[in-house]
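Reproduced below: upload-v8.cif, with mmCIF, C-alpha atoms.
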data_coords
#
loop_
_atom_site.label_atom_id
_atom_site.label_comp_id
_atom_site.auth_asym_id
_atom_site.auth_seq_id
_atom_site.Cartn_x
_atom_site.Cartn_y
_atom_site.Cartn_z
CA MET X 268 0.00 0.00 0.00
CA SER X 269 1.54 3.26 -1.14
CA PHE X 270 -0.33 6.00 0.73
CA SER X 271 1.07 9.41 1.60
CA ILE X 272 0.01 12.93 2.47
CA ARG X 273 1.98 15.84 1.14
CA LYS X 274 1.72 19.61 1.09
CA ALA X 275 -0.23 20.89 -1.91
CA LEU X 276 1.67 23.47 -3.93
CA PRO X 277 0.23 26.19 -6.19
CA GLU X 278 1.11 24.06 -9.22
CA ASP X 279 -1.19 21.34 -7.81
CA ALA X 280 -4.19 23.68 -7.87
CA TYR X 281 -5.87 22.14 -10.94
CA GLU X 282 -5.63 18.60 -9.57
CA TYR X 283 -6.68 19.86 -6.14
CA ALA X 284 -9.76 21.57 -7.63
CA ALA X 285 -10.69 18.44 -9.61
CA CYS X 286 -10.49 16.39 -6.40
CA HIS X 287 -12.53 19.04 -4.58
CA ILE X 288 -15.33 18.84 -7.14
CA GLU X 289 -15.42 15.04 -7.32
CA THR X 290 -15.38 14.59 -3.55
CA TRP X 291 -18.12 17.17 -3.01
CA GLN X 292 -20.31 15.60 -5.68
CA SER X 293 -20.22 12.25 -3.89
CA ALA X 294 -20.07 13.38 -0.24
CA TYR X 295 -22.96 15.82 -0.56
CA ARG X 296 -25.25 13.87 -2.89
CA GLY X 297 -28.76 14.21 -1.45
CA ILE X 298 -27.67 17.02 0.90
CA ILE X 299 -26.65 19.89 -1.39
CA PRO X 300 -28.99 20.48 -4.37
CA ASP X 301 -28.15 18.30 -7.40
CA GLU X 302 -28.05 21.33 -9.69
CA TYR X 303 -25.36 22.99 -7.57
CA LEU X 304 -23.25 19.82 -7.48
CA ALA X 305 -23.58 19.21 -11.22
CA ASN X 306 -22.68 22.82 -11.98
CA MET X 307 -19.40 22.50 -10.04
CA SER X 308 -17.85 20.61 -12.97
CA THR X 309 -18.22 23.69 -15.16
CA GLN X 310 -16.20 25.73 -12.64
CA LEU X 311 -12.98 23.69 -12.62
CA GLU X 312 -10.76 26.44 -14.04
CA GLN X 313 -12.13 29.15 -11.72
CA ARG X 314 -11.83 26.89 -8.67
CA ALA X 315 -8.26 25.96 -9.61
CA GLU X 316 -7.33 29.65 -9.82
CA ARG X 317 -8.95 30.35 -6.45
CA PHE X 318 -7.12 27.43 -4.81
CA LYS X 319 -3.85 28.56 -6.40
CA GLU X 320 -4.30 32.03 -4.86
CA GLU X 321 -5.20 30.57 -1.46
CA MET X 322 -2.19 28.23 -1.53
CA THR X 323 0.07 31.16 -2.40
CA GLU X 324 -1.38 33.33 0.41
CA GLN X 325 -0.73 30.53 2.92
CA THR X 326 -3.40 31.61 5.39
CA ALA X 327 -4.22 27.90 5.67
CA ARG X 328 -2.26 24.73 4.91
CA PHE X 329 -3.35 22.58 1.98
CA TYR X 330 -2.49 18.89 1.59
CA LEU X 331 -3.08 16.15 -0.94
CA SER X 332 -3.60 12.49 -0.08
CA ILE X 333 -1.92 10.22 -2.60
CA TYR X 334 -2.46 6.50 -3.21
CA GLN X 335 -0.22 4.83 -5.78
CA GLU X 336 0.61 8.22 -7.32
CA LYS X 337 -3.10 9.18 -7.68
CA VAL X 338 -4.71 12.02 -5.74
CA ILE X 339 -7.47 10.47 -3.65
CA GLY X 340 -8.17 13.21 -1.13
CA LYS X 341 -7.59 16.75 0.04
CA LEU X 342 -7.16 18.42 3.39
CA VAL X 343 -7.09 22.03 4.61
CA ILE X 344 -6.13 23.03 8.15
CA GLY X 345 -5.39 26.28 9.93
CA GLN X 346 -6.25 28.51 12.83
CA SER X 347 -9.91 28.54 13.83
CA ARG X 348 -11.96 31.10 11.96
CA ASP X 349 -14.45 31.31 14.87
CA GLU X 350 -14.25 34.38 17.10
CA ASP X 351 -15.11 32.34 20.20
CA LYS X 352 -12.32 29.79 19.50
CA PRO X 353 -9.27 31.93 18.61
CA ASN X 354 -6.82 29.46 20.15
CA ALA X 355 -8.16 26.36 18.42
CA GLY X 356 -7.00 24.71 15.23
CA GLU X 357 -9.54 24.02 12.51
CA ILE X 358 -9.90 21.25 10.00
CA ILE X 359 -11.33 23.51 7.32
CA GLY X 360 -11.88 20.70 4.86
CA ILE X 361 -11.18 16.97 4.67
CA TYR X 362 -12.43 15.03 1.67
CA LEU X 363 -11.74 11.62 0.18
CA LEU X 364 -12.83 10.09 -3.13
CA GLU X 365 -15.83 7.81 -2.66
CA GLY X 366 -13.98 4.68 -3.82
CA PHE X 367 -11.66 5.05 -0.81
CA TRP X 368 -14.32 5.50 1.88
CA GLY X 369 -14.37 2.95 4.69
CA LYS X 370 -10.80 1.75 4.07
CA GLY X 371 -8.97 3.69 6.78
CA TYR X 372 -7.63 6.53 4.61
CA GLY X 373 -10.00 9.11 6.09
CA ARG X 374 -8.78 8.17 9.56
CA LYS X 375 -5.16 8.53 8.43
CA MET X 376 -5.95 11.97 7.01
CA LEU X 377 -7.71 13.00 10.23
CA ASP X 378 -4.83 11.73 12.38
CA PHE X 379 -2.39 13.65 10.17
CA ALA X 380 -4.45 16.85 10.52
CA LEU X 381 -4.68 16.49 14.30
CA LYS X 382 -0.93 15.85 14.57
CA GLU X 383 -0.15 18.93 12.44
CA LEU X 384 -2.50 21.10 14.50
CA LYS X 385 -1.00 19.82 17.74
CA MET X 386 2.55 20.49 16.48
CA THR X 387 1.41 24.04 15.67
CA GLY X 388 0.40 24.46 19.31
CA TYR X 389 -3.35 23.90 19.20
CA SER X 390 -4.71 21.70 21.99
CA GLU X 391 -8.24 21.89 20.58
CA ALA X 392 -9.40 21.07 17.07
CA LEU X 393 -12.74 21.88 15.49
CA ILE X 394 -14.57 21.05 12.30
CA TRP X 395 -17.86 22.29 10.87
CA VAL X 396 -20.11 19.56 9.44
CA LEU X 397 -23.34 19.86 7.48
CA GLU X 398 -26.14 18.71 9.77
CA GLY X 399 -27.49 16.43 7.04
CA ASN X 400 -24.12 14.72 6.51
CA HIS X 401 -24.83 11.83 8.88
CA ARG X 402 -22.00 9.66 7.52
CA ALA X 403 -19.38 12.34 8.30
CA ARG X 404 -20.91 13.11 11.68
CA ARG X 405 -20.73 9.41 12.67
CA PHE X 406 -17.09 9.33 11.55
CA TYR X 407 -16.09 12.37 13.61
CA GLU X 408 -18.01 11.12 16.66
CA LYS X 409 -16.28 7.75 16.35
CA CYS X 410 -12.96 9.63 16.31
CA GLY X 411 -13.80 11.47 19.55
CA PHE X 412 -15.23 14.74 18.27
CA ILE X 413 -18.21 16.13 20.18
CA PHE X 414 -20.90 18.51 18.94
CA ASP X 415 -20.42 21.57 21.15
CA GLY X 416 -23.84 23.14 20.52
CA ALA X 417 -22.67 25.76 18.00
CA LYS X 418 -24.60 25.95 14.75
CA LYS X 419 -24.65 28.32 11.82
CA GLU X 420 -26.07 28.43 8.34
CA MET X 421 -24.13 27.95 5.15
CA THR X 422 -25.63 28.68 1.74
CA VAL X 423 -24.60 26.12 -0.85
CA GLY X 424 -27.35 26.11 -3.45
CA LYS X 425 -29.74 26.64 -0.53
CA PRO X 426 -29.36 27.51 3.16
CA LEU X 427 -28.08 24.51 5.13
CA PRO X 428 -27.39 24.15 8.86
CA VAL X 429 -23.85 23.25 9.91
CA MET X 430 -22.74 21.97 13.31
CA ARG X 431 -19.41 22.52 15.07
CA TYR X 432 -17.61 19.47 16.39
CA VAL X 433 -14.68 19.86 18.81
CA LEU X 434 -11.91 17.55 19.99
CA HIS X 435 -9.46 18.27 22.78
CA ASN X 436 -6.22 17.29 21.06
CA GLU X 437 -4.07 16.49 24.11
#

Would you encode the structure as structure tokens?
Amino acid sequence: MSFSIRKALPEDAYEYAACHIETWQSAYRGIIPDEYLANMSTQLEQRAERFKEEMTEQTARFYLSIYQEKVIGKLVIGQSRDEDKPNAGEIIGIYLLEGFWGKGYGRKMLDFALKELKMTGYSEALIWVLEGNHRARRFYEKCGFIFDGAKKEMTVGKPLPVMRYVLHNE
């Protein structure tokens, strides 16, 4: 098994964006409107440019998960964007291609993210999860994350509730 996680570079932006679109289309099927998900494929170039800019700015850290030289997932971590959690680290995004679900790669990505956040000095990690994404919520709960009561709304094709999960990363 040849699995690795490496820092995504600006020159990886196109591949990163393609992974982003494919993982969203499978992870959010039945949660985010079909029209929004289908339309993402037409935005590959624009998304790649946006990711390239974000990778260059380095306000967050972007990673690619690689299996046998193929990108199978993406990860973004950084400082919490929540005003009430300024000293926490945040898993801003963690996505894996559907064909690799349930095989332990998501757990390896999560463990990597938590280790990186801990090495950066964060003893608490948080992640926002769509309320309707029951599969992801079960995964995070199984990994020790707890819903802390915080909710907000995110508009992705339509307004959707998101829930904040927190883990004390001691």

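Here the PyMOL selection byres ((chain X and resi 388) around 12) catches exactly these residues: Gly345, Gln346, Asn354, Ala355, Gly356, Leu381, Lys382, Glu383, Leu384, Lys385, Met386, Thr387, Tyr389, Ser390, Glu391, Ala392, Asn436 and Glu437 of chain X.
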
What does the PyMOL selection byres ((chain X and resi 269) around 8) select in this file, as a count of residues only? 7

*For each of X:Ile358, X:Ile413, X:Val429, X:Leu397, take the minimum atom-to-atom distance to Tyr295 of chain X, counting all atoms listed in the file, then give the residue where this is smallest.*
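Residue with the minimum atom-to-atom distance to Tyr295 of chain X: X:Leu397.
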
### One-decimal distance in Å that lies between atom CA of Arg405 of chain X and atom CA of Lys274 of chain X
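Separation of atom CA of Lys274 of chain X and atom CA of Arg405 of chain X: 27.2 Å.
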
List as a ChimeraX atom specification: which residues have an atom within 10 Å of (-2.1, 20.1, 7.0), counting only C-alpha atoms?
/X:272-275,327-331,341-345,358-359,361,376-377,379-384

TODO: Would you please work out which residue, of X:His287, X:Lys337, X:His435, X:Lys375, is nearest to Gly360 of chain X when using all atoms listed in the file?
DONE: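 Among X:His287, X:Lys337, X:His435, X:Lys375, it is X:His287 that comes nearest to Gly360 of chain X.
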
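A distance cut-off of 12 Å around (-20.8, 22.4, -9.3), counting all atoms listed in the file, selects these protein and nucleic acid residues: Ala284, Ala285, His287, Ile288, Glu289, Thr290, Trp291, Gln292, Ser293, Tyr295, Arg296, Ile299, Pro300, Asp301, Glu302, Tyr303, Leu304, Ala305, Asn306, Met307, Ser308, Thr309, Gln310, Leu311, Glu312, Gln313, Arg314, Val423 and Gly424 of chain X.
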
### Task
Apply the PyMOL selection byres ((chain X and resi 339) around 6) to the displayed file and report the matching residues as an MDAnalysis selection string.
chainID X and resid 332:333 338 340 363:364
